[in-house]
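Undergrad: To be precise about what I am sending: the file is called coords-v5.txt and holds compact mmCIF, C-alpha atoms.
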# COMPACT_ATOMS: atom_id res chain seq x y z
CA MET A 1 11.18 -24.96 -2.13
CA ASP A 2 11.46 -21.89 0.07
CA ALA A 3 8.46 -19.62 -0.14
CA TYR A 4 8.82 -15.85 -0.37
CA VAL A 5 5.87 -14.13 1.32
CA TYR A 6 4.50 -10.76 0.16
CA GLY A 7 1.49 -10.39 2.37
CA VAL A 8 -1.72 -11.77 3.79
CA LEU A 9 -5.26 -11.13 2.64
CA ARG A 10 -8.74 -12.59 2.87
CA ALA A 11 -8.99 -15.56 0.56
CA PRO A 12 -10.53 -14.09 -2.59
CA GLU A 13 -13.13 -15.71 -4.74
CA GLY A 14 -12.60 -16.27 -8.40
CA ALA A 15 -9.51 -16.31 -10.54
CA TRP A 16 -6.30 -14.76 -9.34
CA PRO A 17 -3.94 -13.24 -11.88
CA ALA A 18 -0.32 -14.34 -11.75
CA ARG A 19 2.11 -11.50 -11.21
CA GLU A 20 5.82 -11.53 -11.64
CA GLY A 21 7.43 -11.15 -8.27
CA VAL A 22 10.80 -11.42 -6.58
CA ASP A 23 13.50 -13.26 -8.54
CA GLY A 24 11.18 -13.31 -11.54
CA GLN A 25 8.95 -15.92 -9.93
CA ASP A 26 5.17 -15.98 -10.22
CA ALA A 27 3.41 -14.66 -7.16
CA GLY A 28 0.28 -16.65 -6.35
CA LEU A 29 -1.94 -17.57 -3.45
CA VAL A 30 -1.72 -20.14 -0.71
CA THR A 31 -5.06 -20.32 1.04
CA HIS A 32 -6.22 -21.70 4.33
CA GLY A 33 -9.81 -21.17 5.35
CA HIS A 34 -10.66 -17.54 4.96
CA LEU A 35 -7.06 -16.40 4.85
CA ALA A 36 -4.59 -16.38 2.00
CA ALA A 37 -0.92 -15.56 1.67
CA LEU A 38 0.59 -14.19 -1.49
CA VAL A 39 3.80 -16.14 -2.12
CA SER A 40 6.29 -17.07 -4.78
CA ASP A 41 9.05 -19.65 -4.99
CA ALA A 42 12.33 -18.47 -3.59
CA PRO A 43 15.08 -20.22 -5.52
CA THR A 44 17.77 -18.04 -3.98
CA VAL A 45 17.88 -17.59 -0.24
CA PRO A 46 18.60 -15.18 1.28
CA VAL A 47 16.76 -13.01 -1.17
CA LYS A 48 18.92 -10.34 -2.71
CA ALA A 49 17.88 -6.85 -1.75
CA ASN A 50 18.67 -5.42 -5.15
CA ARG A 51 16.72 -2.88 -7.11
CA ARG A 52 14.85 -5.45 -9.16
CA ASN A 53 13.66 -7.47 -6.18
CA LEU A 54 12.78 -4.49 -4.02
CA THR A 55 10.76 -3.02 -6.85
CA ALA A 56 9.05 -6.35 -7.56
CA HIS A 57 8.02 -6.79 -3.93
CA SER A 58 6.51 -3.33 -3.87
CA ARG A 59 4.90 -3.57 -7.30
CA VAL A 60 3.12 -6.85 -6.54
CA LEU A 61 1.75 -5.48 -3.28
CA GLN A 62 0.56 -2.19 -4.71
CA GLU A 63 -1.18 -3.93 -7.58
CA VAL A 64 -3.14 -6.02 -5.13
CA ALA A 65 -3.70 -3.11 -2.76
CA ARG A 66 -5.38 -1.16 -5.52
CA GLU A 67 -8.15 -3.78 -5.51
CA ARG A 68 -8.34 -5.09 -1.98
CA CYS A 69 -6.82 -5.03 1.48
CA ILE A 70 -3.53 -6.85 1.84
CA LEU A 71 -1.33 -6.79 4.92
CA PRO A 72 2.17 -6.28 3.54
CA MET A 73 5.14 -8.20 4.84
CA ARG A 74 8.44 -6.48 5.18
CA PHE A 75 10.81 -7.19 2.31
CA GLY A 76 12.68 -10.46 2.71
CA VAL A 77 10.32 -12.80 4.53
CA VAL A 78 11.07 -16.34 3.39
CA MET A 79 9.53 -19.44 4.93
CA PRO A 80 10.83 -23.00 4.44
CA ASP A 81 7.97 -24.02 2.14
CA ARG A 82 4.29 -23.43 1.44
CA GLU A 83 3.30 -25.89 4.12
CA ALA A 84 5.05 -23.72 6.64
CA VAL A 85 3.23 -20.67 5.32
CA VAL A 86 -0.06 -22.40 6.05
CA ARG A 87 0.97 -23.91 9.35
CA GLU A 88 2.95 -21.12 10.93
CA LEU A 89 1.43 -18.05 9.37
CA LEU A 90 -2.15 -18.60 8.20
CA GLU A 91 -3.02 -21.15 10.88
CA GLY A 92 -0.61 -20.22 13.64
CA ARG A 93 -1.26 -16.49 13.49
CA ALA A 94 -4.84 -16.67 12.25
CA ASP A 95 -6.39 -14.72 15.11
CA GLU A 96 -3.94 -11.86 14.94
CA LEU A 97 -4.15 -11.70 11.17
CA ARG A 98 -7.92 -11.52 11.27
CA VAL A 99 -7.79 -8.69 13.76
CA GLU A 100 -5.36 -6.78 11.55
CA LEU A 101 -7.37 -7.47 8.42
CA ASP A 102 -10.53 -6.26 10.10
CA ALA A 103 -8.73 -3.12 11.18
CA PHE A 104 -7.24 -2.31 7.79
CA GLU A 105 -9.95 -3.59 5.47
CA PRO A 106 -11.55 -0.22 4.66
CA TYR A 107 -8.28 1.70 4.29
CA VAL A 108 -5.36 2.33 2.00
CA GLU A 109 -2.09 4.10 2.62
CA LEU A 110 -1.34 7.33 0.77
CA ASP A 111 2.19 8.72 0.96
CA LEU A 112 3.03 12.35 0.53
CA ARG A 113 6.51 13.79 0.35
CA VAL A 114 7.28 17.45 0.02
CA ILE A 115 10.41 18.39 -1.87
CA CYS A 116 12.00 21.80 -2.14
CA PRO A 117 15.15 22.56 -4.16
CA GLU A 118 17.99 23.42 -1.85
CA GLU A 119 18.57 26.81 -3.35
CA VAL A 120 15.00 27.90 -2.75
CA LEU A 121 15.21 26.63 0.77
CA LEU A 122 18.46 28.44 1.49
CA ARG A 123 17.20 31.70 0.04
CA ALA A 124 14.23 31.51 2.35
CA VAL A 125 16.52 30.86 5.29
CA VAL A 126 18.76 33.83 4.48
CA ALA A 127 15.72 36.04 3.98
CA GLU A 128 14.09 35.05 7.23
CA ARG A 129 16.99 34.67 9.58
CA ARG A 130 18.82 37.84 10.33
CA ASP A 131 21.58 35.99 12.17
CA VAL A 132 22.26 33.88 9.09
CA ALA A 133 22.29 36.86 6.76
CA THR A 134 24.59 38.84 9.04
CA LEU A 135 27.09 36.05 9.50
CA ARG A 136 27.03 35.32 5.80
CA ASP A 137 27.89 38.94 5.02
CA ALA A 138 30.64 38.94 7.65
CA ILE A 139 32.26 35.87 6.17
CA GLY A 140 31.86 37.13 2.63
CA GLY A 141 35.26 38.70 2.02
CA LYS A 142 37.42 36.53 4.23
CA PRO A 143 39.65 33.74 3.06
CA PRO A 144 38.25 30.32 3.92
CA ASP A 145 40.89 29.50 6.54
CA ALA A 146 40.38 32.69 8.46
CA ALA A 147 36.68 32.18 8.70
CA TYR A 148 36.70 28.46 9.42
CA TYR A 149 34.84 28.59 12.70
CA ASP A 150 32.49 31.24 11.41
CA ARG A 151 31.66 28.97 8.54
CA ILE A 152 30.90 26.11 10.83
CA ARG A 153 28.71 28.38 12.89
CA LEU A 154 26.95 29.63 9.77
CA GLY A 155 26.32 26.09 8.56
CA GLU A 156 25.06 25.15 11.96
CA LEU A 157 22.58 28.01 11.95
CA VAL A 158 21.42 27.06 8.48
CA ALA A 159 21.02 23.41 9.42
CA GLU A 160 19.02 24.49 12.43
CA ALA A 161 16.81 26.73 10.34
CA VAL A 162 16.23 24.00 7.76
CA SER A 163 15.29 21.53 10.50
CA ALA A 164 12.89 24.03 11.96
CA LYS A 165 11.33 24.59 8.55
CA ARG A 166 10.99 20.89 8.05
CA GLU A 167 9.26 20.52 11.35
CA THR A 168 6.96 23.47 10.81
CA LEU A 169 6.01 22.39 7.34
CA THR A 170 5.45 18.80 8.38
CA SER A 171 3.05 19.81 11.12
CA ARG A 172 1.21 22.19 8.86
CA VAL A 173 0.76 19.66 6.10
CA ALA A 174 -0.23 17.00 8.61
CA ALA A 175 -2.73 19.37 10.20
CA LYS A 176 -4.37 20.05 6.85
CA LEU A 177 -4.69 16.42 5.85
CA GLU A 178 -5.17 14.60 9.12
CA PRO A 179 -8.88 15.32 9.29
CA LEU A 180 -9.26 13.21 6.15
CA ALA A 181 -7.30 10.25 7.50
CA VAL A 182 -7.68 7.78 10.35
CA ALA A 183 -3.97 7.63 11.07
CA THR A 184 -0.82 9.53 10.14
CA ASP A 185 2.79 8.42 10.12
CA VAL A 186 5.57 10.97 10.16
CA GLY A 187 8.72 9.64 8.57
CA GLU A 188 12.27 10.84 8.39
CA ALA A 189 13.33 13.06 5.51
CA LEU A 190 15.10 10.85 2.99
CA HIS A 191 17.39 13.57 1.72
CA GLU A 192 18.17 17.18 2.39
CA GLU A 193 15.65 18.60 -0.02
CA MET A 194 12.79 16.65 1.49
CA LEU A 195 10.75 18.78 3.83
CA ALA A 196 8.07 16.30 4.79
CA ASN A 197 7.65 12.56 4.53
CA LEU A 198 4.14 11.65 5.58
CA ALA A 199 1.88 8.65 5.23
CA PHE A 200 -1.86 8.69 5.78
CA LEU A 201 -4.28 5.87 6.29
CA VAL A 202 -7.34 6.84 4.32
CA ALA A 203 -10.69 5.17 3.69
CA ARG A 204 -10.80 3.67 0.22
CA ASP A 205 -13.87 5.69 -0.62
CA GLY A 206 -12.21 8.84 0.69
CA ILE A 207 -9.31 8.80 -1.77
CA ALA A 208 -10.90 11.27 -4.18
CA GLN A 209 -11.53 13.73 -1.39
CA PHE A 210 -7.95 13.32 -0.21
CA ASP A 211 -6.72 13.91 -3.78
CA ASP A 212 -8.57 17.21 -3.82
CA ALA A 213 -7.01 18.26 -0.54
CA VAL A 214 -3.54 17.38 -1.80
CA GLU A 215 -4.20 19.27 -5.00
CA ARG A 216 -5.20 22.36 -3.05
CA LEU A 217 -2.07 21.99 -0.99
CA GLY A 218 -0.03 21.83 -4.19
CA LYS A 219 -1.59 25.05 -5.38
CA ASP A 220 -0.85 26.74 -2.07
CA PHE A 221 2.76 25.67 -2.34
CA GLY A 222 3.22 26.99 -5.84
CA SER A 223 5.99 26.03 -8.17
CA ASN A 224 8.90 26.20 -5.76
CA VAL A 225 7.85 23.11 -3.95
CA SER A 226 6.92 19.77 -5.45
CA LEU A 227 4.76 17.09 -3.98
CA ARG A 228 5.37 13.42 -4.47
CA TYR A 229 2.07 11.75 -3.89
CA VAL A 230 1.77 7.98 -4.11
CA GLY A 231 -0.99 5.44 -3.62
CA PRO A 232 -3.14 3.61 -2.96
CA LEU A 233 -0.56 1.48 -1.20
CA ALA A 234 -0.77 -1.49 1.11
CA PRO A 235 -0.58 -0.12 4.66
CA HIS A 236 3.19 -0.62 4.99
CA ARG A 237 3.77 2.21 7.37
CA PHE A 238 0.91 1.29 9.66
CA VAL A 239 0.87 -2.46 10.13
CA THR A 240 2.86 -4.09 12.85
CA LEU A 241 2.94 -7.72 13.69
CA ALA A 242 6.00 -8.97 15.40
CA SER A 243 6.38 -12.46 16.65
CA GLU A 244 7.45 -11.48 20.12
CA SER A 245 4.92 -8.83 20.86
CA GLY A 246 1.92 -9.98 18.92
CA VAL A 247 -0.44 -7.55 17.32
CA GLN A 248 -0.01 -3.89 17.98
CA ALA A 249 -2.69 -1.46 17.14
CA TRP A 250 -1.78 1.13 14.57
CA ALA A 251 -3.57 4.01 16.15
CA MET B 1 13.07 23.83 -10.30
CA THR B 2 15.10 20.77 -9.85
CA THR B 3 13.73 17.87 -11.73
CA THR B 4 15.33 14.57 -11.17
CA ALA B 5 13.86 11.14 -11.23
CA LEU B 6 13.18 11.56 -7.57
CA THR B 7 11.28 14.75 -7.60
CA THR B 8 8.41 16.08 -9.52
CA ARG B 9 5.08 14.43 -9.96
CA TYR B 10 3.07 17.08 -11.64
CA ALA B 11 0.37 16.42 -14.12
CA ALA B 12 0.87 18.62 -17.10
CA GLY B 13 -0.32 22.10 -16.35
CA SER B 14 -2.21 21.66 -13.18
CA GLY B 15 -2.24 20.05 -9.87
CA VAL B 16 -0.58 17.11 -8.29
CA SER B 17 -1.04 13.66 -9.65
CA ARG B 18 -1.13 10.55 -7.56
CA ALA B 19 1.34 7.94 -8.74
CA PRO B 20 0.36 4.29 -8.35
CA GLN B 21 3.85 3.17 -7.35
CA PRO B 22 6.74 4.79 -5.53
CA SER B 23 8.97 6.32 -8.14
CA GLY B 24 12.49 5.99 -6.90
CA LEU B 25 14.48 3.30 -5.19
CA ALA B 26 14.86 5.43 -2.07
CA ASP B 27 11.09 5.65 -1.74
CA VAL B 28 10.68 1.93 -2.31
CA ILE B 29 13.28 1.15 0.32
CA ASP B 30 11.65 3.57 2.71
CA LEU B 31 8.39 1.72 2.21
CA ILE B 32 9.31 -1.95 2.37
CA LEU B 33 12.70 -2.57 3.90
CA ASP B 34 11.88 -2.03 7.51
CA LYS B 35 8.15 -1.54 7.51
CA GLY B 36 5.39 -4.05 7.26
CA LEU B 37 4.54 -7.28 8.98
CA VAL B 38 7.49 -9.28 10.06
CA ILE B 39 7.94 -12.68 11.53
CA ASP B 40 11.42 -12.18 12.58
CA VAL B 41 12.62 -15.74 12.48
CA TYR B 42 11.92 -15.70 8.81
CA VAL B 43 13.33 -12.48 7.51
CA ARG B 44 16.35 -13.43 5.52
CA VAL B 45 17.66 -10.69 3.34
CA ALA B 46 20.97 -10.31 1.63
CA LEU B 47 21.86 -6.71 2.09
CA VAL B 48 24.95 -6.60 0.00
CA GLY B 49 22.99 -5.81 -3.11
CA ILE B 50 21.46 -2.51 -2.14
CA GLU B 51 22.96 0.52 -3.71
CA LEU B 52 24.78 2.36 -1.00
CA LEU B 53 24.05 5.56 -2.83
CA THR B 54 20.60 5.63 -1.40
CA ILE B 55 22.13 5.72 2.02
CA ASP B 56 24.64 8.39 1.26
CA ALA B 57 21.80 10.54 0.08
CA ARG B 58 20.14 10.33 3.41
CA ILE B 59 20.08 13.32 5.55
CA VAL B 60 22.97 13.91 7.83
CA VAL B 61 22.68 16.02 10.91
CA ALA B 62 25.12 17.62 13.26
CA SER B 63 28.36 17.04 11.46
CA VAL B 64 31.01 19.60 10.65
CA ASP B 65 30.99 18.44 7.05
CA THR B 66 27.31 19.21 6.75
CA TYR B 67 27.75 22.60 8.30
CA LEU B 68 30.59 23.52 5.98
CA ARG B 69 28.60 22.37 3.02
CA PHE B 70 25.61 24.43 4.07
CA ALA B 71 27.81 27.44 4.69
CA GLU B 72 29.35 27.14 1.28
CA ALA B 73 25.95 26.78 -0.36
CA VAL B 74 24.63 29.83 1.43
CA ASN B 75 27.70 31.86 0.54
CA ARG B 76 27.29 30.92 -3.09
CA LEU B 77 23.75 32.20 -3.29
CA ASP B 78 23.41 35.14 -5.58
CA LEU B 79 21.05 37.26 -3.61
CA GLU B 80 20.84 39.92 -6.29
CA SER B 81 18.82 37.72 -8.58
CA LYS B 82 16.41 36.42 -6.10
CA ASP B 83 13.21 37.71 -7.57
CA ASP B 84 12.24 34.52 -9.26
CA ALA B 85 12.80 32.43 -6.20
CA LYS B 86 11.27 34.96 -3.95
CA GLY B 87 9.16 33.57 -1.30
CA LEU B 88 8.39 30.12 -0.35
CA PRO B 89 4.67 29.99 0.02
CA ASP B 90 2.96 30.91 3.23
CA LEU B 91 2.95 27.37 4.38
CA LEU B 92 6.68 27.45 4.38
CA GLY B 93 7.19 30.85 5.82
CA GLY B 94 6.45 32.39 9.14
CA MET B 95 9.43 30.98 10.88
CA GLU B 96 10.28 33.08 13.87
CA GLU B 97 13.73 33.16 15.24
CA SER B 98 12.62 31.79 18.51
CA GLY B 99 11.11 28.87 16.72
CA ALA B 100 14.24 28.30 14.77
CA LYS B 101 16.46 28.38 17.78
CA ARG B 102 14.58 25.81 19.64
CA LYS B 103 16.18 22.45 19.45
CA THR B 104 14.38 20.39 16.92
CA SER B 105 12.63 17.51 18.40
CA GLY B 106 9.79 15.20 17.83
CA ALA B 107 8.97 13.23 14.82
CA LEU B 108 11.67 14.41 12.52
CA GLU B 109 14.39 14.14 15.03
CA GLY B 110 13.25 10.77 16.20
CA ALA B 111 14.43 9.27 13.03
CA LYS B 112 14.61 5.72 12.10
CA SER B 113 18.10 4.47 12.38
CA THR B 114 17.20 1.20 10.91
CA LEU B 115 18.08 1.81 7.33
CA SER B 116 21.62 2.87 7.94
CA ASP B 117 21.98 0.13 10.47
CA LEU B 118 21.02 -2.33 7.84
CA PHE B 119 23.87 -1.22 5.74
CA SER B 120 26.39 -0.84 8.45
CA SER B 121 26.79 -4.52 8.87
CA ASP B 122 27.71 -4.74 5.24
CA ASP B 123 30.33 -2.15 5.01
CA GLU B 124 31.88 -3.05 8.28
CA ASP B 125 32.64 -6.62 7.97
CA GLU B 126 31.67 -7.97 4.66
CA ASP B 127 33.33 -7.57 1.39
CA GLU B 128 31.41 -5.23 -0.74
CA ASP B 129 31.56 -7.52 -3.60
CA ASP B 130 27.98 -7.16 -4.52
CA GLU B 131 24.90 -9.14 -4.94
CA ASP B 132 26.28 -12.24 -6.45
CA ARG B 133 27.55 -13.41 -3.20
CA ASP B 134 25.62 -16.03 -1.38
CA GLY B 135 25.67 -16.97 2.22
CA GLU B 136 25.16 -13.72 4.03
CA GLU B 137 22.16 -13.76 6.14
CA GLU B 138 20.56 -11.04 8.08
CA GLU B 139 17.86 -11.70 10.51
CA SER B 140 15.68 -8.83 11.27
CA ARG B 141 14.65 -8.21 14.82
CA PRO B 142 11.42 -6.54 15.64
CA ARG B 143 12.14 -2.93 16.25
CA ARG B 144 10.24 0.06 17.19
CA ARG B 145 9.77 2.40 14.38
CA ARG B 146 11.42 5.72 14.84
CA ALA B 147 14.21 4.82 17.12
CA GLN B 148 15.62 7.78 18.90
CA THR B 149 18.89 8.05 17.10
CA ARG B 150 19.92 8.71 13.59
CA ARG B 151 23.15 7.46 12.30
CA ARG B 152 25.08 7.65 9.23
CA SER B 153 26.62 4.68 7.59
CA GLY B 154 30.30 5.12 7.90
CA ASP B 155 30.41 6.11 11.51
CA GLY B 156 32.66 3.73 13.24
CA ASP B 157 31.23 3.31 16.66
CA ARG B 158 27.54 2.95 16.47
CA PRO B 159 25.91 0.14 18.31
CA ARG B 160 25.03 -2.82 16.24
CA ARG B 161 21.38 -3.39 16.38
CA ARG B 162 21.08 -6.21 13.99
CA ARG B 163 22.23 -9.61 14.82
CA ARG B 164 23.86 -11.90 12.46
CA SER B 165 22.79 -15.44 12.28
CA SER B 166 25.64 -17.73 12.97
CA SER B 167 23.98 -20.76 11.54
CA ARG B 168 24.96 -20.05 7.99
CA GLU B 169 28.36 -18.62 8.33
Go ahead and render the structure in this file as structure tokens.

TA:
Amino acid sequence: MDAYVYGVLRAPEGAWPAREGVDGQDAGLVTHGHLAALVSDAPTVPVKANRRNLTAHSRVLQEVARERCILPMRFGVVMPDREAVVRELLEGRADELRVELDAFEPYVELDLRVICPEEVLLRAVVAERRDVATLRDAIGGKPPDAAYYDRIRLGELVAEAVSAKRETLTSRVAAKLEPLAVATDVGEALHEEMLANLAFLVARDGIAQFDDAVERLGKDFGSNVSLRYVGPLAPHRFVTLASESGVQAWA
Amino acid sequence: MTTTALTTRYAAGSGVSRAPQPSGLADVIDLILDKGLVIDVYVRVALVGIELLTIDARIVVASVDTYLRFAEAVNRLDLESKDDAKGLPDLLGGMEESGAKRKTSGALEGAKSTLSDLFSSDDEDEDEDDEDRDGEEEESRPRRRRAQTRRRSGDGDRPRRRRRSSSRE
């Protein structure tokens, strides 16, 4: 039976709770020496990247990550069977995995996304950018066809201003929180109302302090901006282990 | 304030609460689809099942459509009633024109193209007949995060970055 792999951790002691994973299968451990892989049977290969399976993959990992360090696999890793998991992953990549586990052991990932309703964002742009306000007023009375190129220009200016805001805000948020983290990942905005998409690698015992900092940030932002704050997560946005290049450091 | 499933995470009354799990599919996909350990020989994902909506929602830059949409949205703003929405907080303000004119660069511009690439192979040459279909196989290649381009699914001419396994077709 194909084996779906969620991640790798240090072989734990004691009982391990079964969790429902991808395709409704139980996720459990395959151990080899001091290493363990969290796997489930994969009756359907390739695994369907549907909502249920994507959510299950993430849920299983975050539940484990709350308790202990687990190196998360990307969604969709399926090996031919559990023997192969031992042979090719836990045994074959043991050295690299140990290095990564040592590196990530004390840390969790915390994700922070900053969202601002488009209208609020656009009002700020019009208020701050004289060129936008002027062009907007100039276009105001004209029929759409007559002002076609002006409209494009206006939209371009707005897009530019929104990008600049995104960049400014991202660096400011990162600057405030980076001192509390050992690594930071800046991600792409996932939609137009997202102003920052950041991930921080934070010491497990520093989570409370980080919470406080995020809370202060939320107060500074006020009600026009919302924060989506998630964690503790497995270090998805920081681990890298690719078969061709071996281990890459995250920082 | 807009409140959709994707947005707010406020505890009642005060502060920001930390959620134990990502709340929307877009966030989940952002987290697990192209990030994490990978042993590329073994990544076998059927991509037909992912809701394309999550891709359409992704940010689009530098297209006339986007500009026209922005222009329309700005023109629609009722600036007379702006008191309530007055002022993004300080953190958001302070944008000088010179700063705004500068070409954006860096982290946000260096976007990951991977997600839309993932989907491109589906809508280009596979029937979109959903997740019940077996036999497609995608093999992920190791990639650098934050590739230098951003693409939108639906563009016709982007380079294909993902290779299709021929062994199962």

Undergrad: Set the distance at 8 Å and use all atoms listed in the file: which residues neighbour Leu54 in chain A once local chain neighbours fewer than 3 positions away are removed? I'd like the list as a PDB file with C-alpha atoms, in the frame of the given file.

TA:
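Ended up saving to around_33.pdb:
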ATOM      1  CA  VAL A  22      10.800 -11.420  -6.580  1.00  0.00           C
ATOM      2  CA  ALA A  49      17.880  -6.850  -1.750  1.00  0.00           C
ATOM      3  CA  ASN A  50      18.670  -5.420  -5.150  1.00  0.00           C
ATOM      4  CA  ARG A  51      16.720  -2.880  -7.110  1.00  0.00           C
ATOM      5  CA  HIS A  57       8.020  -6.790  -3.930  1.00  0.00           C
ATOM      6  CA  SER A  58       6.510  -3.330  -3.870  1.00  0.00           C
ATOM      7  CA  PHE A  75      10.810  -7.190   2.310  1.00  0.00           C
TER       8      PHE A  75
ATOM      9  CA  VAL B  28      10.680   1.930  -2.310  1.00  0.00           C
ATOM     10  CA  ILE B  29      13.280   1.150   0.320  1.00  0.00           C
ATOM     11  CA  ILE B  32       9.310  -1.950   2.370  1.00  0.00           C
TER      12      ILE B  32
END

Undergrad: What is the CA of Ala56 in chain A to CA of Val38 in chain B distance in Å?

TA: 17.9 Å

Undergrad: Using only C-alpha atoms, select each residue of chain A with any atom at most 6 Å away from an atom of chain B, and give the selection as an NGL selection string.

TA: :A and (46-50 or 72-79 or 117 or 151-152 or 154-156 or 161 or 164 or 169 or 188 or 190-192 or 215 or 221 or 226 or 228-231 or 236-237 or 239-243)

Undergrad: With 8 Å as the threshold, what does the neighbourhood of (3.2, 12.3, 12.6) contain in terms of residues, counting only C-alpha atoms? Coordinates are those of the file; answer as an MDAnalysis selection string.

TA: (chainID A and resid 171 174 184:187 198) or (chainID B and resid 107)

Undergrad: I'd like the neighbourhood of range 105-107 of chain A as a PyMOL selection string, where a residue qualifies if any of its atoms comes within 6 Å (using only C-alpha atoms), though same-chain residues fewer than 4 positions away should be ignored.

TA: chain A and resi 69+101+202-204

Undergrad: Can you work out the spacing between CA of Lys219 in chain A and CA of Ala65 in chain A in Å, to one decimal?

TA: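 Here the two named atoms are 28.4 Å from each other.
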
Undergrad: Mind giving me the axis-aligned box for range 55-71 of chain A with 5 Å on every side, centre plus edges in Å to one decimal, as lines of an AutoDock Vina configuration file?

TA:
center_x = 1.2
center_y = -4.0
center_z = -1.3
size_x = 29.1
size_y = 15.7
size_z = 22.5
